[in-house]
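Notes follow the structure.
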Number of protein chains: 2
Amino acid sequence: SHVHTFGAGKTVFHEGDNAEFIYEILEGVVRSSKMLVDGRRQVLSFGYPGDMIGLSHDEFYHSDCDAVAPVKVRVFRKNAFSGAMESDPAFCAHLLRTAAAEVNSMQEHFLMLGRKSAMEKIASFLITLLDRQSVEREDADSFPLPMKRADIADFLGLTIETVSRTLTVLRKKGIIELPTAQKVHVLKPLALRDLAESDL
Amino acid sequence: SHVHTFGAGKTVFHEGDNAEFIYEILEGVVRSSKMLVDGRRQVLSFGYPGDMIGLSHDEFYHSDCDAVAPVKVRVFRKNAFSGAMESDPAFCAHLLRTAAAEVNSMQEHFLMLGRKSAMEKIASFLITLLDRQSVEREDADSFPLPMKRADIADFLGLTIETVSRTLTVLRKKGIIELPTAQKVHVLKPLALRDLAESDL
DNA sequence: TAGAAACTTTGATTGAAGTCAAAATCACGA
DNA sequence: TCGTGATTTTGACTTCAATCAAAGTTTCTA
C-alpha cells in the first residue's frame, strides 16, 4: 500500500482493465464513468477524499476513472485486500455496510435521473456538494465545482447547455453566485433546497 | 428462517420500516421502488427468484417492496444474518461479491436512465428479460411481463403512454408479438438487440 | 353474467430539454 | 503579453417524450 498522484485529466484506470488495485482517495476529486459505443457518456459518481474506488465483483474494472482535479490516492493490491477480508470478519462487515450505503445513494440517484426535472437535478446536485462541504468545514456556504460542465451534464443526464442555462437561472434568481465557473456561493440555501425537491 | 407468501399487489415492506428481515425470493416477482413527496415514483429493480431483498446499511428499509406477481419468499432475521456473517468469512465474501455485482448492474441502469432514448430503454429492458429467461429455460424466445405498464414506465423513467406506444412500434415492425399485454414473444432478437444499443 | 373498475392503447397537442450556432470568457504556452 | 484552443454562456429553433383526452380491453365482483 503506497501513495500515488494523478494530475488533472489523467486516467486512474479504464473499463476492462485488469482490476489489480483498489484506491482510496486522499485528496482531490475523481470521476467514474461509462461510455456507450456511440460516445454518449454517463458519469456514475464523483469520488471525494475518503471514498474507495475500483472494487469489482470479477477480474475487471467496469468503469473508467479519471482525475478531474489533481488527486492523491492510497493504492492497495486487490489480493492484500481480499486477504484482510477473509481473516478479519469485522473488516468485511465494515466493507459490506459501506457497499450497502453506496447502493442506497445510488438508489437516490436513480430517482434523480429517472424522475427529476433539469432544475431539480441541478439544485439537488448543488445541495449534495453544499452538505458535503459543511460537514468538513463549518463556514461554507460556498464550495468549489472542480468538474467541467460536461461532467455535470453527463452525471445528471443533461446537456452542457442545459446545465449552463439552469445555473444562470439560479444566478438571476439570486439563489447562487458564480464568482468563477468553478466556484459556487449559495446565497439562499433554503430556496435551493426547495427547488431540489419540488420544481416550479 | 421460514417461508412466507405474498399475493399480487401485497406489500413486503415499506420505506422507513424497521429493517428486521431479509428476504430471498423463491418464486414470483417483486418491485422495489422509492417515491418523491409529490407522488412521482422510481422503480429501482424487479426482484426475481434467487435475489436477496431488504439489505440495508442501517436500521431501516430505504425503499418500498411489493409483490407484482404472487411471491414466495424465505425470511431471515437480520440478526441471524449478521451472526452468520461474522462467524463465516467465506459467506461474508460471497455477500460482498453479490453486492459488487449489484452495484455493477445498477451502473448499467444509470446509463439507461441518463442517456438512452425511449426505444433503447424498452429494447434493453426486453433483452434483459429475454436473457434471464434463456438462462433458465433453453427454449424461450417468449417470456412473461408480470409487471404493469406503470411499473415499466417508472423503472425506465418514462410514462405509461410512451411505454405502450414504443411496444406498439416494436410490434408493428414485426420484432415482437404481444399475445397478451403481459406476454412477450420475440420474433427478431437480433433486431431487438440492435435497438437496445443504437436507436434509429 | 352484467356492470364497474382498472389497465392498456391510440390520438392530438404541448412543452422541456436537446440541437445547432455563435459569442464571450478563460487558460496556457510561445 | 498575445494568440490560440478549450470551455462556458447565450440565442434560435427543433424534437422527443409528456400531457391531456378518449376509446378499447381485461379483470373483478356483486
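Naming scheme: A, B, ... for chains in displayed order of the C-alpha cells; residues 1 onward per chain; ligands 1 onward as shown.
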Quiz item: If you count only C-alpha atoms (C1' of nucleotides), which residues fall within 8 Å of segment 4-11 of chain B, apart from same-chain ones fewer than 4 positions away, as number ranges by chain?
Solution: B: 64-75
Quick one: residues within 9 Å of segment 19-22 of chain C, only C-alpha atoms (C1' of nucleotides), excluding same-chain residues fewer than 3 positions away - as a compact mmCIF listing (two decimals) with C-alpha atoms (C1' of nucleotides), in the first residue's frame?
# COMPACT_ATOMS: atom_id res chain seq x y z
C1' DT D 10 -26.41 32.79 -24.71
C1' DG D 11 -29.73 32.62 -28.56
C1' DA D 12 -32.85 30.50 -32.12
C1' DC D 13 -35.12 26.62 -33.36
C1' DT D 14 -36.44 21.59 -33.26
C1' DT D 15 -37.74 17.29 -31.38
Quiz prompt | Residue list (strand (DSSP E), DSSP) for segment 5-112 of chain B, as an NGL selection string | solution = :B and (5-6 or 11-13 or 21-35 or 41-47 or 52-53 or 64-77)
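Between chain C and the residues B:Ala100, B:Met106, B:Met119, B:Ala150, the shortest atom-to-atom distance, using only C-alpha atoms (C1' of nucleotides), involves B:Ala150.
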Exercise. Could you give me, as a ChimeraX atom specification, the residues within 9 Å of DC7 of chain C, counting only C-alpha atoms (C1' of nucleotides) and dropping anything in the same chain fewer than 4 positions from it?
Key: /B:148-149 /D:25-27
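Interface residues on chain A toward chain B (cut-off 6 Å, only C-alpha atoms): Gln42, Ser56, His57, Glu86, Pro89, Leu96, Arg97, Ala100, Ala101, Leu111, Leu113, Gly114 and Gly157 of chain A.
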Practice problem: May I ask you to extract the residues of chain C within 10 Å of chain A, using only C-alpha atoms (C1' of nucleotides), and to give them as a list in words? | Solution: DA16, DA17, DG18, DT19, DT25 and DC26 of chain C
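Atom pair atom CA of Lys173 of chain A / atom CA of Phe125 of chain A has a distance of 17.5 Å (rounded to one decimal).
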Practice problem: Return the neighbours of chain A among the residues of chain D, cut-off 9 Å, counting only C-alpha atoms (C1' of nucleotides), as a PyMOL selection string. | Solution: chain D and resi 7-10
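Atom to atom, atom CA of Gly174 of chain A and atom CA of Ile127 of chain A stand 15.6 Å apart.
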Practice problem: Go ahead and compute the interatomic distance for atom CA of Phe13 of chain A and atom CA of Ile53 of chain A, in Å to one decimal. | Solution: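 Computing the Euclidean distance for atom CA of Phe13 of chain A and atom CA of Ile53 of chain A yields 10.0 Å.
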Practice problem: With a distance cut-off of 8 Å and only C-alpha atoms (C1' of nucleotides), select the neighbouring residues of segment 185-190 of chain A, excluding the residue or stretch itself and same-chain residues fewer than 4 positions from it, and output the selection as a list in words. | Solution: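 The residues satisfying every condition are Ile127, Asp141, Ser142, Phe143, Gly174, Ile175, Ile176, Glu177, Leu178, Pro179 and Asp194 of chain A.
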With N, CA and C atoms kept, could you save the residues just selected as a compact mmCIF listing (two decimals), in the first residue's frame?
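Once written, again00.txt looks like this:
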# COMPACT_ATOMS: atom_id res chain seq x y z
N ILE A 127 -26.94 20.99 -3.70
CA ILE A 127 -27.21 20.73 -2.27
C ILE A 127 -26.31 19.61 -1.76
N ASP A 141 -20.76 28.34 2.97
CA ASP A 141 -21.89 28.37 2.06
C ASP A 141 -21.37 28.50 0.63
N SER A 142 -20.04 28.33 0.49
CA SER A 142 -19.52 28.25 -0.87
C SER A 142 -18.56 27.07 -0.99
N PHE A 143 -18.44 26.58 -2.20
CA PHE A 143 -17.65 25.37 -2.42
C PHE A 143 -17.15 25.34 -3.86
N GLY A 174 -30.97 35.05 -7.81
CA GLY A 174 -30.27 35.44 -6.58
C GLY A 174 -30.12 34.31 -5.59
N ILE A 175 -30.24 33.08 -6.05
CA ILE A 175 -30.12 31.92 -5.15
C ILE A 175 -28.66 31.50 -5.01
N ILE A 176 -27.90 31.64 -6.09
CA ILE A 176 -26.46 31.37 -6.04
C ILE A 176 -25.69 32.50 -6.71
N GLU A 177 -24.40 32.51 -6.43
CA GLU A 177 -23.44 33.35 -7.16
C GLU A 177 -22.39 32.43 -7.75
N LEU A 178 -21.84 32.83 -8.92
CA LEU A 178 -20.76 32.06 -9.52
C LEU A 178 -19.56 32.98 -9.71
N PRO A 179 -18.76 33.19 -8.64
CA PRO A 179 -17.60 34.09 -8.76
C PRO A 179 -16.71 33.70 -9.93
N ASP A 194 -35.57 23.84 -1.60
CA ASP A 194 -36.94 23.71 -2.11
C ASP A 194 -36.93 23.25 -3.56
Name the residues of segment 28-170 of chain B that come out as alpha helix (DSSP H) in a backbone DSSP run; write them as an mmCIF file with C-alpha atoms, in the first residue's frame.
data_model
loop_
_atom_site.group_PDB
_atom_site.id
_atom_site.type_symbol
_atom_site.label_atom_id
_atom_site.label_comp_id
_atom_site.auth_asym_id
_atom_site.auth_seq_id
_atom_site.Cartn_x
_atom_site.Cartn_y
_atom_site.Cartn_z
ATOM 1 C CA LYS B 78 -31.363 -9.691 10.164
ATOM 2 C CA ASN B 79 -29.575 -10.697 13.401
ATOM 3 C CA ALA B 80 -29.178 -14.300 12.266
ATOM 4 C CA PHE B 81 -27.753 -12.953 9.045
ATOM 5 C CA SER B 82 -25.247 -10.683 10.771
ATOM 6 C CA GLY B 83 -24.195 -13.532 13.057
ATOM 7 C CA ALA B 84 -23.538 -15.864 10.134
ATOM 8 C CA MET B 85 -21.506 -13.097 8.532
ATOM 9 C CA GLU B 86 -19.180 -12.526 11.466
ATOM 10 C CA SER B 87 -18.545 -16.232 12.003
ATOM 11 C CA PRO B 89 -15.733 -15.071 6.305
ATOM 12 C CA ALA B 90 -16.491 -17.036 3.138
ATOM 13 C CA PHE B 91 -20.188 -16.171 3.467
ATOM 14 C CA CYS B 92 -19.277 -12.541 4.037
ATOM 15 C CA ALA B 93 -17.003 -12.518 0.995
ATOM 16 C CA HIS B 94 -19.802 -14.056 -1.030
ATOM 17 C CA LEU B 95 -22.203 -11.314 0.077
ATOM 18 C CA LEU B 96 -19.663 -8.678 -0.819
ATOM 19 C CA ARG B 97 -19.241 -10.097 -4.300
ATOM 20 C CA THR B 98 -23.020 -10.143 -4.653
ATOM 21 C CA ALA B 99 -23.171 -6.508 -3.533
ATOM 22 C CA ALA B 100 -20.445 -5.542 -6.011
ATOM 23 C CA ALA B 101 -22.326 -7.294 -8.811
ATOM 24 C CA GLU B 102 -25.458 -5.427 -7.765
ATOM 25 C CA VAL B 103 -23.571 -2.119 -7.888
ATOM 26 C CA ASN B 104 -22.383 -3.037 -11.352
ATOM 27 C CA SER B 105 -25.847 -3.765 -12.694
ATOM 28 C CA MET B 106 -27.073 -0.525 -11.124
ATOM 29 C CA GLN B 107 -24.351 1.323 -13.030
ATOM 30 C CA GLU B 108 -25.645 -0.149 -16.284
ATOM 31 C CA HIS B 109 -29.067 1.120 -15.312
ATOM 32 C CA PHE B 110 -27.626 4.632 -14.795
ATOM 33 C CA LEU B 111 -26.545 4.638 -18.415
ATOM 34 C CA MET B 112 -30.065 3.559 -19.327
ATOM 35 C CA LEU B 113 -31.836 6.258 -17.312
ATOM 36 C CA GLY B 114 -29.412 9.047 -18.117
ATOM 37 C CA ARG B 115 -28.529 8.541 -21.730
ATOM 38 C CA ALA B 118 -37.347 5.583 -25.054
ATOM 39 C CA MET B 119 -36.844 2.939 -27.768
ATOM 40 C CA GLU B 120 -33.408 1.992 -26.428
ATOM 41 C CA LYS B 121 -34.793 1.754 -22.902
ATOM 42 C CA ILE B 122 -37.658 -0.538 -23.874
ATOM 43 C CA ALA B 123 -35.469 -2.687 -26.129
ATOM 44 C CA SER B 124 -32.792 -3.009 -23.392
ATOM 45 C CA PHE B 125 -35.436 -3.916 -20.847
ATOM 46 C CA LEU B 126 -36.902 -6.641 -23.060
ATOM 47 C CA ILE B 127 -33.428 -8.015 -23.847
ATOM 48 C CA THR B 128 -32.643 -8.234 -20.122
ATOM 49 C CA LEU B 129 -35.824 -10.239 -19.536
ATOM 50 C CA LEU B 130 -35.132 -12.403 -22.588
ATOM 51 C CA ASP B 131 -31.597 -13.195 -21.421
ATOM 52 C CA ARG B 132 -32.742 -14.026 -17.900
ATOM 53 C CA GLN B 133 -35.382 -16.336 -19.354
ATOM 54 C CA SER B 134 -32.996 -18.151 -21.682
ATOM 55 C CA VAL B 135 -30.614 -18.911 -18.807
ATOM 56 C CA GLU B 136 -33.447 -20.686 -17.018
ATOM 57 C CA ARG B 149 -47.065 -0.716 -17.829
ATOM 58 C CA ALA B 150 -46.887 1.836 -14.994
ATOM 59 C CA ASP B 151 -44.159 -0.250 -13.309
ATOM 60 C CA ILE B 152 -42.133 -0.457 -16.521
ATOM 61 C CA ALA B 153 -42.575 3.287 -17.045
ATOM 62 C CA ASP B 154 -41.396 4.088 -13.526
ATOM 63 C CA PHE B 155 -38.454 1.713 -13.924
ATOM 64 C CA LEU B 156 -37.277 3.281 -17.189
ATOM 65 C CA ILE B 160 -47.255 4.674 -19.376
ATOM 66 C CA GLU B 161 -48.212 6.074 -22.766
ATOM 67 C CA THR B 162 -44.646 6.107 -24.073
ATOM 68 C CA VAL B 163 -44.115 2.517 -22.916
ATOM 69 C CA SER B 164 -47.275 1.416 -24.679
ATOM 70 C CA ARG B 165 -46.531 3.339 -27.867
ATOM 71 C CA THR B 166 -42.962 2.031 -28.043
ATOM 72 C CA LEU B 167 -44.118 -1.571 -27.626
ATOM 73 C CA THR B 168 -46.617 -0.921 -30.411
ATOM 74 C CA VAL B 169 -43.825 0.293 -32.694
ATOM 75 C CA LEU B 170 -41.836 -2.892 -31.989
#
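For DG29 of chain C, the non-local neighbours within 12 Å, defined as residues at least 3 positions apart in the same chain or in other chains and counting only C-alpha atoms (C1' of nucleotides), are DT1, DC2, DG3, DT4 and DG5 of chain D.
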Practice problem: Write out as a PyMOL selection string the residues lying within 10 Å of DC20 of chain D, counting only C-alpha atoms (C1' of nucleotides) and excluding same-chain residues fewer than 6 positions away. | Solution: chain C and resi 12-14
Could the residues in this selection be saved with C-alpha atoms (C1' of nucleotides) as a short mmCIF file (atom, residue, chain, number, x, y, z; two decimals), in the first residue's frame?
data_model
loop_
_atom_site.label_atom_id
_atom_site.label_comp_id
_atom_site.auth_asym_id
_atom_site.auth_seq_id
_atom_site.Cartn_x
_atom_site.Cartn_y
_atom_site.Cartn_z
"C1'" DA C 12 -53.90 15.36 -30.65
"C1'" DT C 13 -51.26 18.82 -28.69
"C1'" DT C 14 -47.78 20.92 -25.71
#
Exercise. Write out as a list in words the residues lying within 7 Å of Gln182 of chain A, counting only C-alpha atoms (C1' of nucleotides) and excluding same-chain residues fewer than 3 positions away.
Key: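 Returned residues: Pro144, Leu145 and Pro146 of chain A.
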Same residues, C-alpha atoms, saved as an mmCIF file, in the first residue's frame:
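Output saved as out.cif:
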data_model
loop_
_atom_site.group_PDB
_atom_site.id
_atom_site.type_symbol
_atom_site.label_atom_id
_atom_site.label_comp_id
_atom_site.auth_asym_id
_atom_site.auth_seq_id
_atom_site.Cartn_x
_atom_site.Cartn_y
_atom_site.Cartn_z
ATOM 1 C CA PRO A 144 -15.545 24.501 -5.462
ATOM 2 C CA LEU A 145 -17.027 22.890 -8.564
ATOM 3 C CA PRO A 146 -13.862 21.245 -9.889
#
